[in-house]
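A.B. asks: For reference, this is query.pdb, and it has PDB, N, CA, C and O atoms.
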```
ATOM      1  N   MET A   1      -7.897   6.394  -2.348
ATOM      2  CA  MET A   1      -7.964   6.608  -3.784
ATOM      3  C   MET A   1      -7.852   5.251  -4.479
ATOM      4  O   MET A   1      -6.962   4.462  -4.194
ATOM      5  N   SER A   2      -8.751   4.964  -5.403
ATOM      6  CA  SER A   2      -8.715   3.673  -6.092
ATOM      7  C   SER A   2      -7.716   3.706  -7.239
ATOM      8  O   SER A   2      -7.523   4.726  -7.880
ATOM      9  N   GLN A   3      -7.093   2.562  -7.472
ATOM     10  CA  GLN A   3      -6.096   2.416  -8.539
ATOM     11  C   GLN A   3      -6.795   2.361  -9.890
ATOM     12  O   GLN A   3      -7.791   1.685 -10.050
ATOM     13  N   LYS A   4      -6.288   3.090 -10.859
ATOM     14  CA  LYS A   4      -6.810   3.045 -12.228
ATOM     15  C   LYS A   4      -6.051   1.976 -12.988
ATOM     16  O   LYS A   4      -4.844   2.060 -13.156
ATOM     17  N   TYR A   5      -6.754   0.953 -13.425
ATOM     18  CA  TYR A   5      -6.136  -0.120 -14.175
ATOM     19  C   TYR A   5      -6.267   0.149 -15.662
ATOM     20  O   TYR A   5      -7.298   0.599 -16.135
ATOM     21  N   HIS A   6      -5.186  -0.143 -16.392
ATOM     22  CA  HIS A   6      -5.241  -0.020 -17.850
ATOM     23  C   HIS A   6      -6.157  -1.096 -18.424
ATOM     24  O   HIS A   6      -6.874  -0.869 -19.364
ATOM     25  N   GLU A   7      -6.103  -2.262 -17.846
ATOM     26  CA  GLU A   7      -6.878  -3.403 -18.334
ATOM     27  C   GLU A   7      -7.292  -4.261 -17.145
ATOM     28  O   GLU A   7      -6.712  -4.186 -16.074
ATOM     29  N   SER A   8      -8.261  -5.095 -17.380
ATOM     30  CA  SER A   8      -8.677  -6.071 -16.383
ATOM     31  C   SER A   8      -9.038  -7.343 -17.127
ATOM     32  O   SER A   8      -9.808  -7.308 -18.088
ATOM     33  N   TYR A   9      -8.446  -8.457 -16.720
ATOM     34  CA  TYR A   9      -8.743  -9.740 -17.351
ATOM     35  C   TYR A   9      -9.894 -10.371 -16.582
ATOM     36  O   TYR A   9      -9.785 -10.651 -15.392
ATOM     37  N   GLU A  10     -11.006 -10.551 -17.256
ATOM     38  CA  GLU A  10     -12.198 -11.118 -16.628
ATOM     39  C   GLU A  10     -12.106 -12.640 -16.613
ATOM     40  O   GLU A  10     -11.793 -13.257 -17.623
ATOM     41  N   PHE A  11     -12.348 -13.205 -15.446
ATOM     42  CA  PHE A  11     -12.394 -14.658 -15.328
ATOM     43  C   PHE A  11     -13.311 -15.006 -14.161
ATOM     44  O   PHE A  11     -13.573 -14.184 -13.297
ATOM     45  N   GLU A  12     -13.798 -16.217 -14.169
ATOM     46  CA  GLU A  12     -14.665 -16.686 -13.100
ATOM     47  C   GLU A  12     -13.799 -16.996 -11.874
ATOM     48  O   GLU A  12     -12.932 -17.881 -11.941
ATOM     49  N   PRO A  13     -13.971 -16.255 -10.776
ATOM     50  CA  PRO A  13     -13.166 -16.543  -9.571
ATOM     51  C   PRO A  13     -13.285 -18.012  -9.169
ATOM     52  O   PRO A  13     -14.376 -18.583  -9.197
ATOM     53  N   GLY A  14     -12.166 -18.611  -8.868
ATOM     54  CA  GLY A  14     -12.128 -20.019  -8.493
ATOM     55  C   GLY A  14     -11.984 -20.963  -9.666
ATOM     56  O   GLY A  14     -11.846 -22.165  -9.477
ATOM     57  N   SER A  15     -12.006 -20.430 -10.891
ATOM     58  CA  SER A  15     -11.925 -21.297 -12.067
ATOM     59  C   SER A  15     -10.489 -21.648 -12.441
ATOM     60  O   SER A  15     -10.258 -22.559 -13.222
ATOM     61  N   LEU A  16      -9.517 -20.932 -11.888
ATOM     62  CA  LEU A  16      -8.106 -21.194 -12.172
ATOM     63  C   LEU A  16      -7.385 -21.574 -10.887
ATOM     64  O   LEU A  16      -7.598 -20.959  -9.847
ATOM     65  N   LEU A  17      -6.541 -22.584 -10.983
ATOM     66  CA  LEU A  17      -5.738 -23.010  -9.842
ATOM     67  C   LEU A  17      -4.270 -22.704 -10.100
ATOM     68  O   LEU A  17      -3.789 -22.879 -11.215
ATOM     69  N   CYS A  18      -3.567 -22.272  -9.068
ATOM     70  CA  CYS A  18      -2.121 -22.105  -9.156
ATOM     71  C   CYS A  18      -1.507 -23.498  -9.286
ATOM     72  O   CYS A  18      -1.801 -24.387  -8.477
ATOM     73  N   ASP A  19      -0.679 -23.689 -10.294
ATOM     74  CA  ASP A  19      -0.061 -24.997 -10.527
ATOM     75  C   ASP A  19       0.855 -25.388  -9.376
ATOM     76  O   ASP A  19       0.942 -26.552  -9.011
ATOM     77  N   LYS A  20       1.522 -24.410  -8.799
ATOM     78  CA  LYS A  20       2.476 -24.670  -7.720
ATOM     79  C   LYS A  20       1.773 -24.980  -6.396
ATOM     80  O   LYS A  20       2.109 -25.944  -5.714
ATOM     81  N   CYS A  21       0.793 -24.150  -6.023
ATOM     82  CA  CYS A  21       0.173 -24.240  -4.705
ATOM     83  C   CYS A  21      -1.153 -24.995  -4.686
ATOM     84  O   CYS A  21      -1.645 -25.362  -3.626
ATOM     85  N   GLN A  22      -1.758 -25.173  -5.862
ATOM     86  CA  GLN A  22      -3.089 -25.772  -5.973
ATOM     87  C   GLN A  22      -4.129 -24.976  -5.182
ATOM     88  O   GLN A  22      -5.039 -25.529  -4.577
ATOM     89  N   VAL A  23      -3.960 -23.642  -5.191
ATOM     90  CA  VAL A  23      -4.872 -22.714  -4.536
ATOM     91  C   VAL A  23      -5.634 -21.975  -5.629
ATOM     92  O   VAL A  23      -5.077 -21.673  -6.683
ATOM     93  N   LYS A  24      -6.902 -21.667  -5.383
ATOM     94  CA  LYS A  24      -7.696 -20.918  -6.357
ATOM     95  C   LYS A  24      -7.135 -19.517  -6.524
ATOM     96  O   LYS A  24      -6.850 -18.828  -5.546
ATOM     97  N   MET A  25      -6.955 -19.113  -7.782
ATOM     98  CA  MET A  25      -6.451 -17.778  -8.076
ATOM     99  C   MET A  25      -7.565 -16.758  -7.879
ATOM    100  O   MET A  25      -8.736 -17.057  -8.088
ATOM    101  N   GLU A  26      -7.159 -15.559  -7.473
ATOM    102  CA  GLU A  26      -8.093 -14.464  -7.224
ATOM    103  C   GLU A  26      -7.653 -13.246  -8.034
ATOM    104  O   GLU A  26      -6.475 -13.126  -8.374
ATOM    105  N   PRO A  27      -8.574 -12.319  -8.313
ATOM    106  CA  PRO A  27      -8.169 -11.088  -8.988
ATOM    107  C   PRO A  27      -7.173 -10.332  -8.106
ATOM    108  O   PRO A  27      -7.359 -10.228  -6.894
ATOM    109  N   GLY A  28      -6.100  -9.856  -8.713
ATOM    110  CA  GLY A  28      -5.095  -9.125  -7.956
ATOM    111  C   GLY A  28      -4.358  -8.139  -8.829
ATOM    112  O   GLY A  28      -4.332  -8.259 -10.054
ATOM    113  N   GLU A  29      -3.774  -7.149  -8.193
ATOM    114  CA  GLU A  29      -3.038  -6.127  -8.927
ATOM    115  C   GLU A  29      -1.696  -6.665  -9.393
ATOM    116  O   GLU A  29      -0.952  -7.282  -8.633
ATOM    117  N   VAL A  30      -1.405  -6.419 -10.659
ATOM    118  CA  VAL A  30      -0.129  -6.779 -11.258
ATOM    119  C   VAL A  30       0.378  -5.538 -11.988
ATOM    120  O   VAL A  30      -0.402  -4.843 -12.640
ATOM    121  N   ILE A  31       1.659  -5.241 -11.864
ATOM    122  CA  ILE A  31       2.249  -4.127 -12.586
ATOM    123  C   ILE A  31       3.142  -4.703 -13.681
ATOM    124  O   ILE A  31       4.176  -5.305 -13.389
ATOM    125  N   LEU A  32       2.719  -4.562 -14.926
ATOM    126  CA  LEU A  32       3.544  -4.976 -16.050
ATOM    127  C   LEU A  32       4.468  -3.810 -16.379
ATOM    128  O   LEU A  32       4.032  -2.657 -16.387
ATOM    129  N   GLN A  33       5.727  -4.104 -16.642
ATOM    130  CA  GLN A  33       6.697  -3.059 -16.955
ATOM    131  C   GLN A  33       7.322  -3.332 -18.312
ATOM    132  O   GLN A  33       7.654  -4.468 -18.635
ATOM    133  N   TYR A  34       7.478  -2.251 -19.081
ATOM    134  CA  TYR A  34       8.124  -2.367 -20.380
ATOM    135  C   TYR A  34       8.725  -1.024 -20.738
ATOM    136  O   TYR A  34       8.040   0.001 -20.707
ATOM    137  N   MET A  35       9.998  -1.013 -21.051
ATOM    138  CA  MET A  35      10.727   0.181 -21.467
ATOM    139  C   MET A  35      10.501   1.354 -20.502
ATOM    140  O   MET A  35      10.241   2.476 -20.912
ATOM    141  N   GLY A  36      10.562   1.070 -19.202
ATOM    142  CA  GLY A  36      10.442   2.117 -18.196
ATOM    143  C   GLY A  36       9.025   2.580 -17.927
ATOM    144  O   GLY A  36       8.827   3.531 -17.179
ATOM    145  N   ASN A  37       8.051   1.920 -18.496
ATOM    146  CA  ASN A  37       6.645   2.284 -18.285
ATOM    147  C   ASN A  37       5.956   1.207 -17.462
ATOM    148  O   ASN A  37       6.182   0.017 -17.670
ATOM    149  N   ASP A  38       5.119   1.636 -16.524
ATOM    150  CA  ASP A  38       4.341   0.720 -15.698
ATOM    151  C   ASP A  38       2.908   0.678 -16.193
ATOM    152  O   ASP A  38       2.327   1.720 -16.514
ATOM    153  N   PHE A  39       2.355  -0.523 -16.233
ATOM    154  CA  PHE A  39       0.978  -0.717 -16.664
ATOM    155  C   PHE A  39       0.256  -1.561 -15.626
ATOM    156  O   PHE A  39       0.387  -2.783 -15.615
ATOM    157  N   PRO A  40      -0.505  -0.916 -14.728
ATOM    158  CA  PRO A  40      -1.251  -1.694 -13.736
ATOM    159  C   PRO A  40      -2.392  -2.441 -14.406
ATOM    160  O   PRO A  40      -3.067  -1.915 -15.291
ATOM    161  N   ILE A  41      -2.573  -3.673 -14.001
ATOM    162  CA  ILE A  41      -3.617  -4.509 -14.593
ATOM    163  C   ILE A  41      -4.154  -5.437 -13.516
ATOM    164  O   ILE A  41      -3.430  -5.828 -12.597
ATOM    165  N   GLN A  42      -5.415  -5.743 -13.598
ATOM    166  CA  GLN A  42      -6.069  -6.670 -12.692
ATOM    167  C   GLN A  42      -6.017  -8.041 -13.356
ATOM    168  O   GLN A  42      -6.545  -8.219 -14.455
ATOM    169  N   MET A  43      -5.334  -9.009 -12.713
ATOM    170  CA  MET A  43      -5.119 -10.329 -13.317
ATOM    171  C   MET A  43      -5.385 -11.424 -12.293
ATOM    172  O   MET A  43      -5.326 -11.180 -11.088
ATOM    173  N   PRO A  44      -5.596 -12.668 -12.766
ATOM    174  CA  PRO A  44      -5.675 -13.795 -11.844
ATOM    175  C   PRO A  44      -4.316 -13.981 -11.165
ATOM    176  O   PRO A  44      -3.283 -14.040 -11.823
ATOM    177  N   LYS A  45      -4.332 -14.055  -9.835
ATOM    178  CA  LYS A  45      -3.093 -14.122  -9.064
ATOM    179  C   LYS A  45      -3.282 -15.080  -7.890
ATOM    180  O   LYS A  45      -4.332 -15.086  -7.243
ATOM    181  N   CYS A  46      -2.251 -15.868  -7.600
ATOM    182  CA  CYS A  46      -2.298 -16.793  -6.477
ATOM    183  C   CYS A  46      -2.141 -15.999  -5.171
ATOM    184  O   CYS A  46      -1.161 -15.270  -5.006
ATOM    185  N   PRO A  47      -3.086 -16.139  -4.252
ATOM    186  CA  PRO A  47      -2.983 -15.413  -2.996
ATOM    187  C   PRO A  47      -1.877 -15.968  -2.093
ATOM    188  O   PRO A  47      -1.444 -15.293  -1.164
ATOM    189  N   SER A  48      -1.397 -17.162  -2.402
ATOM    190  CA  SER A  48      -0.366 -17.795  -1.583
ATOM    191  C   SER A  48       1.048 -17.417  -2.020
ATOM    192  O   SER A  48       1.830 -16.904  -1.235
ATOM    193  N   CYS A  49       1.375 -17.649  -3.304
ATOM    194  CA  CYS A  49       2.751 -17.424  -3.769
ATOM    195  C   CYS A  49       2.902 -16.204  -4.680
ATOM    196  O   CYS A  49       4.012 -15.797  -4.989
ATOM    197  N   GLY A  50       1.775 -15.636  -5.149
ATOM    198  CA  GLY A  50       1.843 -14.455  -6.000
ATOM    199  C   GLY A  50       1.988 -14.744  -7.486
ATOM    200  O   GLY A  50       2.062 -13.824  -8.296
ATOM    201  N   GLN A  51       2.023 -16.029  -7.865
ATOM    202  CA  GLN A  51       2.113 -16.399  -9.282
ATOM    203  C   GLN A  51       0.944 -15.795 -10.040
ATOM    204  O   GLN A  51      -0.188 -15.793  -9.562
ATOM    205  N   VAL A  52       1.200 -15.268 -11.248
ATOM    206  CA  VAL A  52       0.181 -14.605 -12.055
ATOM    207  C   VAL A  52      -0.111 -15.436 -13.300
ATOM    208  O   VAL A  52       0.801 -15.999 -13.905
ATOM    209  N   PHE A  53      -1.384 -15.501 -13.677
ATOM    210  CA  PHE A  53      -1.775 -16.165 -14.913
ATOM    211  C   PHE A  53      -1.958 -15.097 -15.981
ATOM    212  O   PHE A  53      -2.792 -14.206 -15.845
ATOM    213  N   ILE A  54      -1.159 -15.174 -17.057
ATOM    214  CA  ILE A  54      -1.305 -14.274 -18.200
ATOM    215  C   ILE A  54      -1.769 -15.116 -19.377
ATOM    216  O   ILE A  54      -1.013 -15.935 -19.894
ATOM    217  N   PRO A  55      -3.009 -14.931 -19.799
ATOM    218  CA  PRO A  55      -3.537 -15.740 -20.893
ATOM    219  C   PRO A  55      -2.845 -15.422 -22.209
ATOM    220  O   PRO A  55      -2.384 -14.301 -22.426
ATOM    221  N   GLU A  56      -2.771 -16.414 -23.072
ATOM    222  CA  GLU A  56      -2.084 -16.269 -24.355
ATOM    223  C   GLU A  56      -2.631 -15.109 -25.175
ATOM    224  O   GLU A  56      -1.877 -14.344 -25.762
ATOM    225  N   GLU A  57      -3.962 -14.952 -25.194
ATOM    226  CA  GLU A  57      -4.547 -13.883 -26.007
ATOM    227  C   GLU A  57      -4.122 -12.491 -25.528
ATOM    228  O   GLU A  57      -4.002 -11.563 -26.317
ATOM    229  N   LEU A  58      -3.848 -12.345 -24.243
ATOM    230  CA  LEU A  58      -3.345 -11.072 -23.736
ATOM    231  C   LEU A  58      -1.863 -10.904 -24.076
ATOM    232  O   LEU A  58      -1.439  -9.847 -24.519
ATOM    233  N   ALA A  59      -1.087 -11.960 -23.911
ATOM    234  CA  ALA A  59       0.356 -11.890 -24.159
ATOM    235  C   ALA A  59       0.685 -11.613 -25.625
ATOM    236  O   ALA A  59       1.579 -10.825 -25.919
ATOM    237  N   VAL A  60      -0.023 -12.237 -26.537
ATOM    238  CA  VAL A  60       0.282 -12.059 -27.962
ATOM    239  C   VAL A  60      -0.634 -11.031 -28.621
ATOM    240  O   VAL A  60      -0.461 -10.724 -29.793
ATOM    241  N   GLY A  61      -1.574 -10.507 -27.858
ATOM    242  CA  GLY A  61      -2.502  -9.520 -28.393
ATOM    243  C   GLY A  61      -2.216  -8.139 -27.853
ATOM    244  O   GLY A  61      -1.408  -7.389 -28.397
ATOM    245  N   LYS A  62      -2.866  -7.809 -26.764
ATOM    246  CA  LYS A  62      -2.801  -6.462 -26.196
ATOM    247  C   LYS A  62      -1.379  -6.082 -25.768
ATOM    248  O   LYS A  62      -0.925  -4.973 -26.050
ATOM    249  N   ILE A  63      -0.665  -6.974 -25.104
ATOM    250  CA  ILE A  63       0.694  -6.657 -24.640
ATOM    251  C   ILE A  63       1.608  -6.408 -25.837
ATOM    252  O   ILE A  63       2.406  -5.467 -25.831
ATOM    253  N   LEU A  64       1.480  -7.212 -26.876
ATOM    254  CA  LEU A  64       2.296  -7.022 -28.073
ATOM    255  C   LEU A  64       1.986  -5.671 -28.735
ATOM    256  O   LEU A  64       2.902  -4.977 -29.185
ATOM    257  N   GLN A  65       0.722  -5.269 -28.754
ATOM    258  CA  GLN A  65       0.345  -3.963 -29.315
ATOM    259  C   GLN A  65       1.004  -2.828 -28.533
ATOM    260  O   GLN A  65       1.499  -1.867 -29.128
ATOM    261  N   VAL A  66       1.000  -2.927 -27.203
ATOM    262  CA  VAL A  66       1.610  -1.895 -26.366
ATOM    263  C   VAL A  66       3.111  -1.846 -26.610
ATOM    264  O   VAL A  66       3.705  -0.765 -26.745
ATOM    265  N   GLU A  67       3.768  -3.014 -26.685
ATOM    266  CA  GLU A  67       5.213  -3.054 -26.952
ATOM    267  C   GLU A  67       5.536  -2.359 -28.276
ATOM    268  O   GLU A  67       6.459  -1.553 -28.349
ATOM    269  N   ARG A  68       4.806  -2.675 -29.319
ATOM    270  CA  ARG A  68       5.062  -2.082 -30.629
ATOM    271  C   ARG A  68       4.833  -0.576 -30.619
ATOM    272  O   ARG A  68       5.588   0.177 -31.210
ATOM    273  N   ALA A  69       3.777  -0.128 -29.929
ATOM    274  CA  ALA A  69       3.475   1.303 -29.855
ATOM    275  C   ALA A  69       4.604   2.047 -29.131
ATOM    276  O   ALA A  69       5.024   3.124 -29.561
ATOM    277  N   LEU A  70       5.129   1.462 -28.068
ATOM    278  CA  LEU A  70       6.215   2.103 -27.325
ATOM    279  C   LEU A  70       7.508   2.101 -28.118
ATOM    280  O   LEU A  70       8.290   3.050 -28.065
ATOM    281  N   GLU A  71       7.778   1.028 -28.849
ATOM    282  CA  GLU A  71       9.005   0.947 -29.631
ATOM    283  C   GLU A  71       8.986   1.925 -30.806
ATOM    284  O   GLU A  71      10.026   2.406 -31.236
ATOM    285  N   ASP A  72       7.787   2.241 -31.314
ATOM    286  CA  ASP A  72       7.664   3.165 -32.437
ATOM    287  C   ASP A  72       7.880   4.619 -32.034
ATOM    288  O   ASP A  72       8.095   5.480 -32.881
ATOM    289  N   LYS A  73       7.802   4.898 -30.753
ATOM    290  CA  LYS A  73       7.960   6.284 -30.273
ATOM    291  C   LYS A  73       9.414   6.701 -30.268
ATOM    292  O   LYS A  73      10.317   6.010 -30.142
TER
END
```
Is it possible to express this structure as C-alpha cells?

C.D. replies:
Amino acid sequence: MSQKYHESYEFEPGSLLCDKCQVKMEPGEVILQYMGNDFPIQMPKCPSCGQVFIPEELAVGKILQVERALEDK
C-alpha cells in the first residue's frame, strides 16, 4: 500500500547537498508532528544522516497555516 502524502516539496534531485555530510539529498518520507497530529510529507532528505531540508516558504507558509487551523479547533 502506498503512503498518502499531505504535501510533496518538488526539487531537482541532486540540487541540494547535506551541509553535514556533503551528500546529495534525495526525496524521502518525513513525518511532521504538531499537537498530536502526524503529517506525512515528501521532502529533501540526506540518505546518510537523515537531515531534512525544510524550505522557508514551506515553514512560514503551509506549515504555519496548518498550525493556525489546528489551534483554532

A.B. asks: Which residues are near Phe11 in chain A? Cut-off 8 Å, all atoms listed in the file, ignore same chain within fewer than 4 positions. Put them as a list of chain:residue names.

C.D. replies: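 Contacts, in chain order: A:Ser15, A:Leu16, A:Met25, A:Glu26, A:Pro27, A:Gln42, A:Met43, A:Pro44.
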
A.B. asks: Determine the residue membership of the PyMOL selection byres (((chain A and resi 34-38 and name CA) around 9) and name CA) for the file above and supply it as a ChimeraX atom specification.

C.D. replies: /A:31-33,39-40,66-67,70-71

A.B. asks: Please indicate the distance in Å from CA of Lys45 in chain A to CA of Val23 in chain A, rounded to one decimal place.

C.D. replies: 9.9 Å

A.B. asks: May I have all residues of chain A that DSSP, computed from the backbone, assigns to strand (DSSP E), given as a list in words?

C.D. replies: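 Filtering chain A down to strand (DSSP E) leaves Glu7, Ser8, Glu26, Pro27, Gly28, Glu29, Val30, Ile31, Leu32, Gln33, Tyr34, Asn37, Asp38, Phe39, Pro40, Ile41, Gln42, Met43, Pro44 and Lys45 of chain A.
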
A.B. asks: Could you pull out all residues of chain A with a DSSP call of helix (DSSP H, G or I) and give them as a PyMOL selection string?

C.D. replies: chain A and resi 56-72

A.B. asks: Compare A:Ile41, A:Val60, A:Ala69, A:Cys46 by their minimum atom-to-atom distance to Gln22 in chain A, counting only C-alpha atoms, and give me the closest one.

C.D. replies: A:Cys46

A.B. asks: Please measure the separation of atom C of Ser48 in chain A and atom C of Glu29 in chain A, giving the value in Å to one decimal.

C.D. replies: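 For atom C of Ser48 in chain A relative to atom C of Glu29 in chain A, the distance reads 13.3 Å.
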
A.B. asks: Could you tell me which of A:Ser8, A:Asp19, A:Lys24, A:Pro13 comes closest to Leu58 in chain A if we count only C-alpha atoms?

C.D. replies: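 Smallest distance to Leu58 in chain A is found for A:Ser8.
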
A.B. asks: Would you compute, for all listed atoms of range 8-14 of chain A, the axis-aligned bounding box grown by 5 Å on each side, and then report its centre and edge lengths in Å rounded to one decimal, as JSON?

C.D. replies:
```
{"center_x": -11.5, "center_y": -13.6, "center_z": -13.3, "size_x": 16.4, "size_y": 27.1, "size_z": 19.6}
```

A.B. asks: How many Å separate CA of Gln51 in chain A from atom C of Leu64 in chain A?

C.D. replies: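 Spanning CA of Gln51 in chain A to atom C of Leu64 in chain A is a straight-line distance of 22.2 Å.
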